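**Q** My structure is in protein-v8.cif, and what it holds is mmCIF, C-alpha atoms:
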```
data_start
loop_
_atom_site.label_atom_id
_atom_site.label_comp_id
_atom_site.auth_asym_id
_atom_site.auth_seq_id
_atom_site.Cartn_x
_atom_site.Cartn_y
_atom_site.Cartn_z
CA MET A 1 -3.27 202.51 150.90
CA ILE A 2 -2.10 199.43 149.02
CA LYS A 3 -4.74 196.88 148.07
CA VAL A 4 -3.55 193.59 149.57
CA LYS A 5 -5.30 190.28 148.98
CA LYS A 6 -4.96 187.73 151.75
CA GLU A 7 -4.84 184.50 149.72
CA GLY A 8 -5.29 182.33 152.79
CA VAL A 9 -3.46 179.50 154.51
CA LEU A 10 -1.24 177.51 152.18
CA ILE A 11 0.42 174.95 154.47
CA GLN A 12 -0.68 173.52 157.81
CA LYS A 13 1.10 171.32 160.32
CA THR A 14 0.63 167.55 159.99
CA ASP A 15 0.85 164.50 162.24
CA ASN A 16 4.41 163.87 161.05
CA ASN A 17 6.66 164.03 164.09
CA PHE A 18 8.97 166.70 162.67
CA GLU A 19 6.13 169.20 162.06
CA ASN A 20 3.41 168.31 164.54
CA GLU A 21 3.69 171.61 166.44
CA GLY A 22 3.70 174.02 163.52
CA VAL A 23 4.96 175.07 160.10
CA LEU A 24 6.01 178.66 159.50
CA ASN A 25 8.39 181.27 158.05
CA PRO A 26 9.36 179.77 154.67
CA ALA A 27 12.28 180.55 152.41
CA VAL A 28 10.88 180.82 148.89
CA ILE A 29 12.52 180.83 145.47
CA HIS A 30 11.26 180.49 141.89
CA ASN A 31 13.46 178.11 139.90
CA ASN A 32 12.94 175.85 136.86
CA ASN A 33 9.27 176.80 136.53
CA HIS A 34 8.52 175.80 140.11
CA ILE A 35 8.25 177.67 143.39
CA ASN A 36 10.31 176.01 146.10
CA LEU A 37 9.41 176.47 149.76
CA PHE A 38 11.87 175.60 152.53
CA TYR A 39 9.90 176.05 155.71
CA ARG A 40 10.53 175.89 159.41
CA ALA A 41 8.96 172.74 160.81
CA VAL A 42 8.50 172.50 164.58
CA GLU A 43 8.10 169.31 166.58
CA ASN A 44 7.24 168.73 170.23
CA GLY A 45 9.65 170.49 172.54
CA ASN A 46 10.18 173.38 170.10
CA TYR A 47 12.83 171.63 168.03
CA SER A 48 12.97 172.90 164.46
CA SER A 49 14.11 171.48 161.15
CA ILE A 50 13.57 172.51 157.52
CA GLY A 51 10.72 170.97 155.55
CA TYR A 52 10.20 171.27 151.81
CA CYS A 53 7.36 171.54 149.34
CA LYS A 54 7.13 172.43 145.66
CA LEU A 55 4.42 174.59 144.10
CA ASN A 56 3.39 174.54 140.44
CA THR A 57 1.54 177.85 140.80
CA PRO A 58 1.98 180.47 143.55
CA LEU A 59 -0.92 178.93 145.46
CA THR A 60 -0.95 175.26 144.42
CA ILE A 61 1.15 172.58 146.10
CA GLN A 62 2.53 169.97 143.72
CA GLU A 63 4.47 167.86 146.20
CA ARG A 64 5.48 167.94 149.84
CA MET A 65 8.19 165.94 151.55
CA MET A 66 7.06 163.80 154.45
CA LYS A 67 10.40 164.13 156.20
CA PRO A 68 12.67 167.11 156.83
CA LEU A 69 15.11 168.21 154.16
CA LEU A 70 17.61 169.67 156.64
CA ILE A 71 18.03 168.67 160.27
CA PRO A 72 20.26 169.84 163.12
CA GLU A 73 23.66 168.16 162.86
CA PHE A 74 26.05 170.33 164.83
CA GLU A 75 26.18 171.69 168.37
CA TYR A 76 25.55 175.27 167.23
CA GLU A 77 22.14 174.20 165.83
CA SER A 78 21.38 171.40 168.27
CA HIS A 79 18.03 172.85 169.37
CA GLY A 80 16.86 173.82 165.91
CA ILE A 81 17.21 175.24 162.42
CA GLU A 82 14.81 178.15 162.27
CA ASP A 83 13.34 180.78 159.92
CA PRO A 84 15.18 180.14 156.62
CA ARG A 85 15.59 182.60 153.74
CA ILE A 86 17.00 181.79 150.32
CA THR A 87 18.69 183.81 147.60
CA GLN A 88 20.42 182.89 144.33
CA ILE A 89 23.70 184.66 143.53
CA ASP A 90 25.14 183.57 140.19
CA ASP A 91 24.93 179.75 140.19
CA THR A 92 24.78 179.31 143.96
CA PHE A 93 21.79 179.27 146.28
CA TYR A 94 22.38 180.81 149.70
CA LEU A 95 20.08 179.39 152.38
CA THR A 96 20.39 181.32 155.62
CA TYR A 97 18.75 180.32 158.88
CA THR A 98 18.84 180.89 162.61
CA ALA A 99 20.88 178.26 164.39
CA TYR A 100 19.66 177.73 167.94
CA ASP A 101 21.63 175.70 170.47
CA GLY A 102 19.22 176.15 173.37
CA VAL A 103 21.07 179.25 174.61
CA ASN A 104 22.13 181.32 171.62
CA ALA A 105 20.38 182.16 168.34
CA LEU A 106 22.80 183.11 165.55
CA GLY A 107 22.72 183.38 161.77
CA ALA A 108 24.07 180.42 159.79
CA LEU A 109 24.49 179.62 156.10
CA ALA A 110 24.14 176.60 153.82
CA ILE A 111 24.79 176.64 150.07
CA SER A 112 23.56 174.55 147.16
CA THR A 113 23.74 174.36 143.38
CA ASP A 114 20.64 172.19 142.88
CA LEU A 115 18.26 172.99 145.79
CA GLU A 116 18.46 169.36 146.87
CA HIS A 117 21.89 169.00 148.45
CA PHE A 118 23.13 171.66 150.85
CA LYS A 119 26.54 172.22 152.36
CA LYS A 120 26.48 173.86 155.76
CA LEU A 121 29.10 176.59 156.21
CA GLY A 122 28.30 177.30 159.84
CA ILE A 123 27.57 180.51 161.70
CA ILE A 124 28.42 183.70 159.79
CA THR A 125 27.30 186.28 162.35
CA PRO A 126 29.55 187.41 165.21
CA LYS A 127 29.89 185.34 168.37
CA ILE A 128 30.06 188.24 170.76
CA THR A 129 29.01 188.64 174.39
CA TYR A 130 26.98 191.63 175.44
CA GLN A 131 29.94 192.90 177.44
CA GLU A 132 32.12 192.86 174.31
CA PHE A 133 29.33 194.40 172.26
CA ASN A 134 28.85 197.19 174.79
CA ARG A 135 32.57 197.92 174.94
CA LEU A 136 32.85 198.24 171.18
CA THR A 137 29.66 200.26 170.62
CA LYS A 138 29.42 202.54 173.68
CA HIS A 139 31.05 205.49 171.90
CA ASN A 140 28.37 205.37 169.15
CA HIS A 141 26.33 208.35 170.28
CA HIS A 142 23.12 207.77 168.35
CA ILE A 143 22.33 204.07 168.69
CA ASN A 144 19.00 203.15 170.24
CA GLU A 145 18.99 202.57 174.00
CA LYS A 146 16.97 199.41 173.30
CA TYR A 147 20.20 197.66 172.28
CA LEU A 148 20.83 197.41 176.01
CA ARG A 149 17.36 196.20 176.92
CA TYR A 150 17.13 193.54 174.23
CA ASN A 151 20.65 192.14 174.29
CA GLU A 152 21.88 192.19 177.87
CA HIS A 153 19.97 188.98 178.71
CA GLY A 154 19.38 190.21 182.24
CA GLY A 155 23.10 190.31 182.91
CA LEU A 156 23.42 186.54 182.44
CA GLN A 157 26.87 185.71 181.08
CA GLU A 158 26.74 181.91 181.05
CA LYS A 159 24.02 179.30 180.82
CA ASP A 160 24.23 175.51 180.62
CA GLY A 161 28.00 175.79 180.34
CA LYS A 162 27.83 178.11 177.31
CA LYS A 163 28.65 181.80 176.99
CA VAL A 164 25.52 183.87 176.50
CA LEU A 165 25.95 185.81 173.25
CA VAL A 166 24.20 188.70 171.53
CA TRP A 167 21.44 187.19 169.38
CA ASP A 168 21.86 187.95 165.68
CA LYS A 169 19.07 186.74 163.39
CA ASN A 170 17.20 187.39 160.11
CA ILE A 171 20.14 186.94 157.75
CA VAL A 172 19.07 187.91 154.22
CA PHE A 173 21.41 188.09 151.21
CA PHE A 174 20.89 190.45 148.29
CA PRO A 175 20.47 188.40 145.07
CA LYS A 176 23.55 189.81 143.32
CA ARG A 177 26.92 191.32 144.07
CA ILE A 178 26.78 195.11 144.26
CA ASN A 179 29.93 196.88 143.12
CA GLY A 180 31.69 193.53 143.42
CA LYS A 181 30.66 192.91 147.03
CA LEU A 182 28.34 190.45 148.74
CA TYR A 183 25.70 192.25 150.77
CA PHE A 184 23.47 190.82 153.46
CA LEU A 185 21.10 192.18 156.08
CA HIS A 186 21.03 190.94 159.64
CA ARG A 187 19.28 191.96 162.83
CA ILE A 188 20.53 192.68 166.30
CA ARG A 189 17.46 194.17 167.93
CA PRO A 190 16.04 196.75 167.51
CA ASP A 191 17.47 197.75 164.09
CA ILE A 192 18.32 196.13 160.75
CA GLN A 193 22.04 196.21 159.99
CA ILE A 194 23.89 195.62 156.73
CA VAL A 195 27.18 193.91 155.86
CA ALA A 196 29.28 194.23 152.69
CA VAL A 197 32.28 191.97 152.09
CA ASN A 198 34.37 190.79 149.18
CA ASN A 199 34.15 187.18 150.36
CA LEU A 200 32.62 185.35 153.29
CA GLN A 201 36.13 184.57 154.55
CA ASP A 202 36.41 188.26 155.45
CA LEU A 203 33.94 187.76 158.30
CA ASN A 204 36.61 187.26 160.96
CA ALA A 205 37.03 188.65 164.47
CA GLY A 206 38.90 191.71 163.21
CA PHE A 207 36.12 192.51 160.75
CA TRP A 208 33.45 192.39 163.45
CA GLN A 209 35.46 194.49 165.89
CA HIS A 210 35.75 197.22 163.29
CA TYR A 211 32.09 196.76 162.33
CA PHE A 212 30.79 197.29 165.85
CA TRP A 213 33.17 200.15 166.50
CA HIS A 214 31.35 201.88 163.62
CA LEU A 215 27.92 200.36 164.25
CA GLU A 216 26.09 203.62 163.53
CA ASP A 217 27.38 203.48 159.97
CA ASN A 218 26.08 199.93 159.48
CA ILE A 219 22.44 200.46 160.50
CA VAL A 220 20.26 200.47 157.40
CA LEU A 221 16.79 200.78 158.97
CA SER A 222 15.60 201.74 162.46
CA PRO A 223 12.07 201.70 163.89
CA GLN A 224 10.24 204.85 162.88
CA TYR A 225 6.47 204.38 162.99
CA LYS A 226 4.05 203.16 165.66
CA HIS A 227 3.52 199.73 164.10
CA GLU A 228 7.30 199.04 164.23
CA VAL A 229 8.28 200.99 167.33
CA SER A 230 9.54 198.02 169.37
CA TYR A 231 11.89 196.52 166.77
CA ILE A 232 12.18 195.51 163.14
CA GLY A 233 13.87 192.71 161.19
CA ALA A 234 14.69 191.76 157.62
CA GLY A 235 12.05 189.62 155.95
CA CYS A 236 12.12 188.57 152.30
CA PRO A 237 15.26 188.81 150.17
CA PRO A 238 15.37 192.24 148.49
CA ILE A 239 13.81 192.51 145.05
CA GLU A 240 15.58 194.61 142.42
CA THR A 241 13.34 197.22 140.76
CA ILE A 242 14.07 200.29 138.64
CA HIS A 243 13.32 202.46 141.68
CA GLY A 244 15.52 200.61 144.17
CA TRP A 245 15.72 197.43 146.20
CA LEU A 246 12.24 196.55 147.47
CA LEU A 247 12.56 195.23 151.00
CA ILE A 248 9.67 193.48 152.72
CA TYR A 249 10.49 193.37 156.43
CA HIS A 250 8.66 192.81 159.71
CA GLY A 251 7.81 195.50 162.21
CA VAL A 252 6.86 194.84 165.82
CA HIS A 253 5.02 196.88 168.41
CA ASP A 254 4.16 196.01 172.00
CA THR A 255 0.59 196.00 173.27
CA VAL A 256 -1.15 194.97 176.48
CA ASN A 257 -1.76 191.62 174.74
CA GLY A 258 1.87 191.15 173.70
CA TYR A 259 3.84 191.88 170.56
CA VAL A 260 2.12 192.37 167.20
CA TYR A 261 4.15 191.46 164.07
CA SER A 262 3.26 193.16 160.78
CA ALA A 263 4.65 193.03 157.25
CA CYS A 264 6.26 196.32 156.18
CA ALA A 265 7.89 197.71 153.02
CA ALA A 266 10.82 199.99 152.22
CA LEU A 267 13.03 200.95 149.26
CA LEU A 268 16.83 200.95 149.40
CA ASP A 269 19.24 202.51 146.93
CA LEU A 270 20.38 200.15 144.15
CA GLN A 271 24.07 201.05 144.30
CA ASN A 272 24.24 201.85 148.01
CA PRO A 273 21.63 199.69 149.75
CA GLN A 274 22.64 201.15 153.09
CA GLN A 275 20.71 204.24 151.98
CA GLU A 276 16.96 204.25 152.60
CA ILE A 277 14.93 205.85 149.81
CA ALA A 278 11.39 205.36 151.11
CA ARG A 279 9.21 203.35 153.44
CA LEU A 280 5.52 202.90 154.02
CA PRO A 281 4.28 204.83 157.08
CA TYR A 282 1.75 202.08 157.78
CA PRO A 283 1.90 198.25 157.73
CA LEU A 284 1.75 196.60 154.33
CA PHE A 285 -0.47 194.06 156.08
CA LYS A 286 -1.02 193.06 159.69
CA PRO A 287 -2.69 190.31 161.75
CA GLU A 288 -6.44 190.59 161.28
CA LEU A 289 -7.86 187.13 160.48
CA ASP A 290 -8.28 184.26 162.92
CA TRP A 291 -5.39 182.28 161.50
CA GLU A 292 -3.10 185.31 161.99
CA THR A 293 -4.34 186.37 165.42
CA LYS A 294 -4.61 182.96 167.10
CA GLY A 295 -1.94 180.28 167.14
CA GLU A 296 1.30 179.22 168.78
CA VAL A 297 2.12 182.94 169.08
CA ASN A 298 -0.84 185.26 168.60
CA ASN A 299 -0.89 188.29 166.29
CA VAL A 300 1.92 187.41 163.91
CA CYS A 301 2.42 188.09 160.20
CA PHE A 302 6.09 187.27 159.60
CA PRO A 303 7.13 187.62 155.93
CA THR A 304 10.15 185.60 154.81
CA GLY A 305 9.76 184.84 151.08
CA ALA A 306 8.36 186.47 147.95
CA VAL A 307 7.81 185.58 144.30
CA LEU A 308 7.09 188.04 141.50
CA ILE A 309 4.85 186.83 138.65
CA SER A 310 4.31 189.57 136.04
CA ASP A 311 3.02 192.49 138.13
CA THR A 312 1.79 190.38 141.06
CA LEU A 313 3.96 190.06 144.16
CA TYR A 314 3.21 187.01 146.29
CA ILE A 315 4.47 187.27 149.86
CA TYR A 316 4.69 184.10 151.95
CA TYR A 317 4.58 184.50 155.70
CA GLY A 318 4.29 182.71 159.00
CA ALA A 319 0.82 183.24 160.47
CA ALA A 320 0.58 183.15 164.27
CA ASP A 321 3.77 181.02 164.33
CA GLU A 322 1.74 177.95 163.38
CA ARG A 323 0.90 177.96 159.67
CA ILE A 324 2.07 179.40 156.34
CA ALA A 325 -0.06 181.87 154.44
CA CYS A 326 0.26 184.05 151.36
CA ALA A 327 -0.74 187.60 150.46
CA SER A 328 -0.61 189.20 147.01
CA MET A 329 -0.57 192.72 145.59
CA SER A 330 0.46 194.74 142.56
CA ILE A 331 4.17 195.51 142.77
CA SER A 332 3.75 198.59 140.57
CA ALA A 333 1.10 199.95 142.94
CA LEU A 334 3.35 199.20 145.91
CA LEU A 335 6.30 201.00 144.32
CA GLU A 336 4.09 203.97 143.45
CA GLU A 337 2.95 204.21 147.06
CA LEU A 338 6.50 203.95 148.34
CA LEU A 339 7.66 206.76 146.08
CA ILE A 340 4.95 208.97 147.55
CA ASN A 341 6.58 208.34 150.92
CA LYS A 342 10.21 209.11 150.12
CA LYS A 343 12.53 209.74 153.00
CA GLN A 344 12.97 213.42 153.69
CA GLU A 345 16.51 214.67 153.20
CA VAL A 346 18.19 215.95 156.35
CA ILE A 347 19.47 219.49 155.74
#
```
Starting from the coordinates I provided, produce the structure as structure tokens.
**A**
Amino acid sequence: MIKVKKEGVLIQKTDNNFENEGVLNPAVIHNNNHINLFYRAVENGNYSSIGYCKLNTPLTIQERMMKPLLIPEFEYESHGIEDPRITQIDDTFYLTYTAYDGVNALGALAISTDLEHFKKLGIITPKITYQEFNRLTKHNHHINEKYLRYNEHGGLQEKDGKKVLVWDKNIVFFPKRINGKLYFLHRIRPDIQIVAVNNLQDLNAGFWQHYFWHLEDNIVLSPQYKHEVSYIGAGCPPIETIHGWLLIYHGVHDTVNGYVYSACAALLDLQNPQQEIARLPYPLFKPELDWETKGEVNNVCFPTGAVLISDTLYIYYGAADERIACASMSISALLEELLINKKQEVI
């Protein structure tokens, strides 16, 4: 078992209107000797924006903005900007988030060159109804039957004058091009899927039709163990190591008291990240302490950002959907444990 240190709560909600209901699920990036956190801030009515704070050590806040950095501006995000992640590719920062319009939750992207000014590029995931999704994927013989349960929305096709679409969340870019292509993870429950494109402009209707027609080929991780049996989702941006891409993701299992969200770990192949090398057969860490088990949503550890300082990996996560906490561990010990649990080759 990996030795994990729960460093405690780092950021709490305040009386400021934009974050008086909760702060959670931060995008985190180390740049110019500072750690930058772009966190989901929730106000009354469950409307979300993106707050910002700067750390001068992994656990010490240097400054915190008293107003949101990014707010909803367009109809597709009118009910909130949720659960950001951030990755640097070359000279550009890619900030992904879930855009929620009150009906649909879809992955969107904003880019920046200075971490202060962001240009929103809109939704980059498919806008597809369940009926279209089912038509394109029904010949895939091995996809999980839970795709139906989680994405049919009870057969509802329209709500508040809007088409009800398949929810597509947890957009996470890899921090470099791989074989010349941009790669990102996304999540249509219950699995984690992967996309590879030459340019973002390739993400058109024709691309997605072909993608879903071959959905089996685009699933990178599926639930495997008890702690993730309900569904999984991408968490922190992948970290490049000599053994593979280290992916910290969340796993969810249902209990009589509701869903339990845990932090999990896997290794993906460096040149072909669609290929799983290893994964932990147990949670990296799970809700155990009061501030993880009791909150806006109980029993949640939701990892979304990580920083590596020497051999110490700091993982920032939403705790009980109300506060931001941090856990730390030795990355070399984590990789060693993962390599003990390599995926068995199918003969």
**Q** Using the chain letters and residue numbers of this document, give as a list in words the residues selected by the PyMOL selection byres ((chain A and resi 162) around 12).
**A**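 Checked against the file, the PyMOL selection byres ((chain A and resi 162) around 12) matches Glu75, Tyr76, Asp101, Gly102, Val103, Asn104, Lys127, Thr129, Leu156, Gln157, Glu158, Lys159, Asp160, Gly161, Lys163, Val164 and Leu165 of chain A.
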**Q** Taking all atoms listed in the file into account, name the residue in A:Cys264, A:Val197, A:Ile11, A:Met1 that is nearest to Pro26 in chain A.
**A**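 Residue with the minimum atom-to-atom distance to Pro26 in chain A: A:Ile11.
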**Q** For CA of Asn46 in chain A and CA of Thr96 in chain A, determine how far apart the two atoms are, in Å to one decimal place.
**A**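 Taking CA of Asn46 in chain A and CA of Thr96 in chain A, their separation equals 19.4 Å.
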**Q** Near Met66 in chain A, counting all atoms listed in the file, which residues have an atom at most 9 Å away, once you skip same-chain residues fewer than 4 positions from it, shown as a list in words?
**A**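 Non-adjacent residues within range: Asn16, Phe18, Gly51 and Tyr52 of chain A.
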**Q** So that I can see what lies close to Thr92 in chain A, please list as an NGL selection string the residues with an atom at most 6 Å from it, counting all atoms listed in the file and leaving out residues fewer than 3 positions away in the same chain.
**A** :A and (88-89 or 112-113)
**Q** Which value, in Å to one decimal, gives the distance between CA of His34 in chain A and CA of Leu55 in chain A?
**A** 5.8 Å
**Q** What does the distance between CA of Arg135 in chain A and CA of Tyr231 in chain A come to in Å, to one decimal place?
**A**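 According to the coordinates, CA of Arg135 in chain A and CA of Tyr231 in chain A are separated by 22.3 Å.
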**Q** Any idea what's packed within 8 Å of range 147-154 of chain A, counting all atoms listed in the file, ignoring anything in its chain fewer than 6 positions away? Could you give it as a ChimeraX atom specification?
**A** /A:130,164,166-167,188-190
**Q** Would you mind exporting the chosen residues as an mmCIF file, in the coordinates of the input, restricted to C-alpha atoms?
**A**
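Result written to selection.cif:
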```
data_model
loop_
_atom_site.group_PDB
_atom_site.id
_atom_site.type_symbol
_atom_site.label_atom_id
_atom_site.label_comp_id
_atom_site.auth_asym_id
_atom_site.auth_seq_id
_atom_site.Cartn_x
_atom_site.Cartn_y
_atom_site.Cartn_z
ATOM 1 C CA TYR A 130 26.980 191.630 175.440
ATOM 2 C CA VAL A 164 25.520 183.870 176.500
ATOM 3 C CA VAL A 166 24.200 188.700 171.530
ATOM 4 C CA TRP A 167 21.440 187.190 169.380
ATOM 5 C CA ILE A 188 20.530 192.680 166.300
ATOM 6 C CA ARG A 189 17.460 194.170 167.930
ATOM 7 C CA PRO A 190 16.040 196.750 167.510
#
```
**Q** Name every residue that the PyMOL selection byres ((chain A and resi 202-210) around 10) selects in this structure, writing the answer as a ChimeraX atom specification with chains first and numbers rising.
**A** /A:124-128,132-133,136-137,195-201,211-215
**Q** Keeping C-alpha atoms, export the residues of the selection given above as a PDB file, in the coordinates of the input.
**A**
```pdb
ATOM      1  CA  ILE A 124      28.420 183.700 159.790  1.00  0.00           C
ATOM      2  CA  THR A 125      27.300 186.280 162.350  1.00  0.00           C
ATOM      3  CA  PRO A 126      29.550 187.410 165.210  1.00  0.00           C
ATOM      4  CA  LYS A 127      29.890 185.340 168.370  1.00  0.00           C
ATOM      5  CA  ILE A 128      30.060 188.240 170.760  1.00  0.00           C
ATOM      6  CA  GLU A 132      32.120 192.860 174.310  1.00  0.00           C
ATOM      7  CA  PHE A 133      29.330 194.400 172.260  1.00  0.00           C
ATOM      8  CA  LEU A 136      32.850 198.240 171.180  1.00  0.00           C
ATOM      9  CA  THR A 137      29.660 200.260 170.620  1.00  0.00           C
ATOM     10  CA  VAL A 195      27.180 193.910 155.860  1.00  0.00           C
ATOM     11  CA  ALA A 196      29.280 194.230 152.690  1.00  0.00           C
ATOM     12  CA  VAL A 197      32.280 191.970 152.090  1.00  0.00           C
ATOM     13  CA  ASN A 198      34.370 190.790 149.180  1.00  0.00           C
ATOM     14  CA  ASN A 199      34.150 187.180 150.360  1.00  0.00           C
ATOM     15  CA  LEU A 200      32.620 185.350 153.290  1.00  0.00           C
ATOM     16  CA  GLN A 201      36.130 184.570 154.550  1.00  0.00           C
ATOM     17  CA  TYR A 211      32.090 196.760 162.330  1.00  0.00           C
ATOM     18  CA  PHE A 212      30.790 197.290 165.850  1.00  0.00           C
ATOM     19  CA  TRP A 213      33.170 200.150 166.500  1.00  0.00           C
ATOM     20  CA  HIS A 214      31.350 201.880 163.620  1.00  0.00           C
ATOM     21  CA  LEU A 215      27.920 200.360 164.250  1.00  0.00           C
TER      22      LEU A 215
END
```
**Q** Can you tell me, as a ChimeraX atom specification, which residues sit within 8 Å of (9.1, 197.6, 161.3) in the file's frame, using all atoms listed in the file?
**A** /A:222-225,227-229,231-233,249-252,262-264
**Q** Translate the PyMOL selection byres ((chain A and resi 297) around 9) into a concrete residue list for this structure, as a ChimeraX atom specification.
**A** /A:293-296,298-300,319-322
**Q** Please return the centre and edge lengths, in Å to one decimal, of a box with edges along x, y and z that contains all listed atoms of range 114-127 of chain A, widened by 6 Å on every side, as AutoDock Vina command-line options.
**A**
```
--center_x 24.1 --center_y 178.2 --center_z 155.6 --size_x 23.6 --size_y 30.4 --size_z 37.5
```
**Q** Would you mind putting back N, CA and C atoms on range 87-107 of chain A, then writing it out as an mmCIF file, in the frame of the given file?
**A**
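File produced: result36.cif:
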```cif
data_model
loop_
_atom_site.group_PDB
_atom_site.id
_atom_site.type_symbol
_atom_site.label_atom_id
_atom_site.label_comp_id
_atom_site.auth_asym_id
_atom_site.auth_seq_id
_atom_site.Cartn_x
_atom_site.Cartn_y
_atom_site.Cartn_z
ATOM 1 N N THR A 87 18.350 182.886 148.668
ATOM 2 C CA THR A 87 18.690 183.810 147.600
ATOM 3 C C THR A 87 19.620 183.110 146.620
ATOM 4 N N GLN A 88 19.484 183.399 145.328
ATOM 5 C CA GLN A 88 20.420 182.890 144.330
ATOM 6 C C GLN A 88 21.360 184.002 143.912
ATOM 7 N N ILE A 89 22.670 183.741 144.009
ATOM 8 C CA ILE A 89 23.700 184.660 143.530
ATOM 9 C C ILE A 89 24.540 183.886 142.525
ATOM 10 N N ASP A 90 24.492 184.310 141.272
ATOM 11 C CA ASP A 90 25.140 183.570 140.190
ATOM 12 C C ASP A 90 24.570 182.149 140.157
ATOM 13 N N ASP A 91 25.404 181.127 140.280
ATOM 14 C CA ASP A 91 24.930 179.750 140.190
ATOM 15 C C ASP A 91 24.756 179.088 141.550
ATOM 16 N N THR A 92 24.832 179.865 142.610
ATOM 17 C CA THR A 92 24.780 179.310 143.960
ATOM 18 C C THR A 92 23.572 179.821 144.714
ATOM 19 N N PHE A 93 22.901 178.910 145.411
ATOM 20 C CA PHE A 93 21.790 179.270 146.280
ATOM 21 C C PHE A 93 22.308 179.404 147.713
ATOM 22 N N TYR A 94 21.971 180.522 148.328
ATOM 23 C CA TYR A 94 22.380 180.810 149.700
ATOM 24 C C TYR A 94 21.158 180.660 150.599
ATOM 25 N N LEU A 95 21.155 179.622 151.421
ATOM 26 C CA LEU A 95 20.080 179.390 152.380
ATOM 27 C C LEU A 95 20.575 179.807 153.759
ATOM 28 N N THR A 96 20.017 180.879 154.280
ATOM 29 C CA THR A 96 20.390 181.320 155.620
ATOM 30 C C THR A 96 19.312 180.889 156.607
ATOM 31 N N TYR A 97 19.706 180.713 157.846
ATOM 32 C CA TYR A 97 18.750 180.320 158.880
ATOM 33 C C TYR A 97 19.304 180.701 160.250
ATOM 34 N N THR A 98 18.426 180.665 161.235
ATOM 35 C CA THR A 98 18.840 180.890 162.610
ATOM 36 C C THR A 98 19.193 179.558 163.240
ATOM 37 N N ALA A 99 20.418 179.462 163.695
ATOM 38 C CA ALA A 99 20.880 178.260 164.390
ATOM 39 C C ALA A 99 20.710 178.479 165.892
ATOM 40 N N TYR A 100 19.959 177.594 166.518
ATOM 41 C CA TYR A 100 19.660 177.730 167.940
ATOM 42 C C TYR A 100 20.205 176.524 168.697
ATOM 43 N N ASP A 101 21.027 176.796 169.703
ATOM 44 C CA ASP A 101 21.630 175.700 170.470
ATOM 45 C C ASP A 101 21.006 175.544 171.854
ATOM 46 N N GLY A 102 19.873 176.190 172.076
ATOM 47 C CA GLY A 102 19.220 176.150 173.370
ATOM 48 C C GLY A 102 19.569 177.338 174.241
ATOM 49 N N VAL A 103 20.641 178.049 173.885
ATOM 50 C CA VAL A 103 21.070 179.250 174.610
ATOM 51 C C VAL A 103 21.169 180.437 173.670
ATOM 52 N N ASN A 104 21.851 180.236 172.547
ATOM 53 C CA ASN A 104 22.130 181.320 171.620
ATOM 54 C C ASN A 104 21.442 181.093 170.269
ATOM 55 N N ALA A 105 20.999 182.189 169.662
ATOM 56 C CA ALA A 105 20.380 182.160 168.340
ATOM 57 C C ALA A 105 21.212 183.039 167.408
ATOM 58 N N LEU A 106 21.862 182.408 166.419
ATOM 59 C CA LEU A 106 22.800 183.110 165.550
ATOM 60 C C LEU A 106 22.560 182.718 164.091
ATOM 61 N N GLY A 107 22.958 183.601 163.184
ATOM 62 C CA GLY A 107 22.720 183.380 161.770
ATOM 63 C C GLY A 107 23.730 182.422 161.155
#
```
